[in-house]
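Novice: Below is the structure I would like to discuss, written out as structure tokens.
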Amino acid sequence: MSLFIFIEALPAVGTSIYLMFFFSRLIKYFHRMNVLLYIIIILICLALCIPAINFFNAYSFMYYYFVAFCALFGLISHFLKDGKVKLLFQSGLLSFVCLALVVAYGWMNMHHVVRTDFYVSSKKVSDLKILAISDLHGDEVITSKQLEKYVQKMNKVKPDLIALAGDIFDERTRKSVMIAQAKTLGKLKSKYGTYYVYGNHDDQKYGNTMNSNTERFSGSDIKEEMEKNAIRVLDDQSVNVGKNIVVVGRRDASYSRASSQNLLKKVDHNKYIIVLDHQPLDMSENAKNGADLQVSGHTHGGQIWPIGYVQAIATKTMRYGVKHIGDFSCVTTSGIAGWGYPFKIGAKAEYAVIHVK
Ligand SMILES: [Fe+2]
């Protein structure tokens, strides 16, 4: 934990030193610097950077974007002649405007849920339509009332099968909301039913540190509510669906779980094998062990650009889209909402419709 705080503090301290130079240069345009001004600048920069030490809040995201814009415009200003335009670039004003635009775009993008169609091929099934929803994260962005509307909209897709690919709830979701949203998701209609796997956030294992007044619930509470609403919970389990489909639901990778090999050796390989795994992991293993399709979420498509790209490289996985390995395909959706911030900059908020042809 202390190492993580150190990793979070390092960029905050580094950028605050940059901001000190930035503000000093700006003030020098108007006033001769003195000790008092330096102290004031240091105090302002500390006040700006300290809340950013916690990555997981909206302020941190805005702080780093602001510093990045300041650095970019500061760099450009070196190529400009002395004058008003150069001062504008070095003033931080443009950075504020750009930050405001990014925040406005991110907020609108997060609250504008779209349908995204993905296409994969198979020799085992001819025309299968799967609706995949992941990363709702409770009512953080989409209220229960809005979810009702989205469910009505998604029912127009008329899918054969529905996958709830994890992080439908999180540690900020109140139990009453979990119950209400499970009921709403139970209204999704399809030929073969709805199948749910846990994500890393669903059972609130990260604790209630963000909101100690939330009503708590456990993974088994979710299972109870899902099953009340005819949603099948798959926790390292598989189920035969229709005549020629198997759905294998994996426990989230943040827990100890059955291997891909152990899970897939138990299923009929003549059937079309769909693996639901919240995080887009073990793709090569699933391909090697006979799976046909993997449906994942978790990445939010890179909710805050460019973190998704960094995460995908660091974790050697994928950020978004479709990955093919031989006849196997993995679809990673960016999710219907997101976590932690009401902004989505690196990807769209979506429900995925996967067409298997
Ligand atoms: Fe997740």
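Here, A, B, ... name the chains of the structure tokens in the order displayed, residue numbers run from 1 inside each chain, and ligands are numbered from 1 in the same displayed order.
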Which protein, DNA or RNA residues have an atom within 6 Å of ligand 1, counting only C-alpha atoms and all ligand atoms, as a PyMOL selection string?
Specialist: chain A and resi 167+199-201+298
Novice: So that I can check the surroundings of A:Lys149, please list as a list in words every protein, DNA and RNA residue that reaches within 12 Å of it, counting only C-alpha atoms and ignoring chain neighbours fewer than 3 positions away.
Specialist: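 The residues that qualify are Val113, Ile142, Thr143, Ser144, Lys145, Gln146, Gln152, Lys153, Met154, Asn155, Lys156, Gln181, Thr184, Leu185, Lys187 and Leu188 of chain A.
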Novice: Would you mind reading off the distance between atom CA of A:Ile39 and atom CA of A:Leu72, one decimal, in Å?
Specialist: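 Distance reported for this atom pair: 25.6 Å.
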Novice: Taking only C-alpha atoms into account, name the residue in A:Gly193, A:Gly207, A:Gly106, A:Gly302 that is nearest to A:Lys344.
Specialist: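 Once distances to A:Lys344 are computed over only C-alpha atoms, the minimum belongs to A:Gly106.
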Novice: List as a VMD selection string the protein and nucleic acid residues near stretch 40-52 of chain A, meaning an atom at most 7 Å away when only C-alpha atoms are counted, but skip any in the same chain fewer than 6 places from it.
Specialist: chain A and resid 12 to 13 16 19 to 20 23 59 to 60 63
Novice: Mind writing the picked residues with N, CA and C atoms as a PDB file, in the first residue's frame?
Specialist:
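Resulting contents of result32.pdb:
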```
ATOM      1  N   ALA A  12       2.740  13.720  -8.633  1.00  0.00           N
ATOM      2  CA  ALA A  12       2.133  14.932  -8.053  1.00  0.00           C
ATOM      3  C   ALA A  12       3.234  15.903  -7.625  1.00  0.00           C
ATOM      4  N   VAL A  13       4.271  15.394  -6.976  1.00  0.00           N
ATOM      5  CA  VAL A  13       5.372  16.255  -6.522  1.00  0.00           C
ATOM      6  C   VAL A  13       6.126  16.813  -7.733  1.00  0.00           C
ATOM      7  N   SER A  16       4.150  19.456  -9.432  1.00  0.00           N
ATOM      8  CA  SER A  16       4.028  20.686  -8.627  1.00  0.00           C
ATOM      9  C   SER A  16       5.304  21.530  -8.775  1.00  0.00           C
ATOM     10  N   LEU A  19       4.907  23.307 -11.929  1.00  0.00           N
ATOM     11  CA  LEU A  19       3.959  24.424 -11.792  1.00  0.00           C
ATOM     12  C   LEU A  19       4.600  25.632 -11.089  1.00  0.00           C
ATOM     13  N   MET A  20       5.516  25.343 -10.146  1.00  0.00           N
ATOM     14  CA  MET A  20       6.203  26.445  -9.464  1.00  0.00           C
ATOM     15  C   MET A  20       6.972  27.304 -10.473  1.00  0.00           C
ATOM     16  N   PHE A  23       4.327  29.223 -12.711  1.00  0.00           N
ATOM     17  CA  PHE A  23       3.731  30.415 -12.104  1.00  0.00           C
ATOM     18  C   PHE A  23       4.770  31.527 -11.883  1.00  0.00           C
ATOM     19  N   TYR A  59     -10.688  15.256  -9.342  1.00  0.00           N
ATOM     20  CA  TYR A  59      -9.731  16.363  -9.245  1.00  0.00           C
ATOM     21  C   TYR A  59      -8.388  15.961  -9.838  1.00  0.00           C
ATOM     22  N   SER A  60      -7.936  14.752  -9.480  1.00  0.00           N
ATOM     23  CA  SER A  60      -6.633  14.274  -9.948  1.00  0.00           C
ATOM     24  C   SER A  60      -6.580  14.278 -11.479  1.00  0.00           C
ATOM     25  N   TYR A  63      -6.367  17.856 -12.657  1.00  0.00           N
ATOM     26  CA  TYR A  63      -5.054  18.442 -12.335  1.00  0.00           C
ATOM     27  C   TYR A  63      -4.013  18.022 -13.374  1.00  0.00           C
TER      28      TYR A  63
END
```
Novice: Taking the DSSP assignment computed from this structure's backbone, write out as a ChimeraX atom specification all residues of stretch 30-176 of chain A that belong to helix (DSSP H, G or I).
Specialist: /A:35-53,58-77,84-91,93-110,144-155,175-176
Novice: To one decimal in Å, tell me the separation between atom CA of A:Leu131 and atom CA of A:Ala291.
Specialist: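 Between these atoms lies a distance of 18.3 Å.
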Novice: Pick the closest to A:Gly308 from A:Leu234, A:Leu281, A:Ile345, A:Cys98: which is it, counting only C-alpha atoms?
Specialist: A:Ile345
Novice: Going by DSSP on the backbone, which bits of stretch 226-340 of chain A are strand (DSSP E)? Write them as a PyMOL selection string, please.
Specialist: chain A and resi 231-233+237-241+245-249+272-276+293-296+321-325+328-332
Novice: Which one is closest to A:Glu140: A:Phe328, A:Tyr351, A:Tyr320, A:Phe169? Count only C-alpha atoms.
Specialist: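 Smallest distance to A:Glu140 is found for A:Phe169.
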Novice: Using only C-alpha atoms, which protein or nucleic acid residues come within 10 Å of A:His269? Drop anything in the same chain fewer than 6 positions from it, and give the result as a PyMOL selection string.
Specialist: chain A and resi 124+244-246+289-292
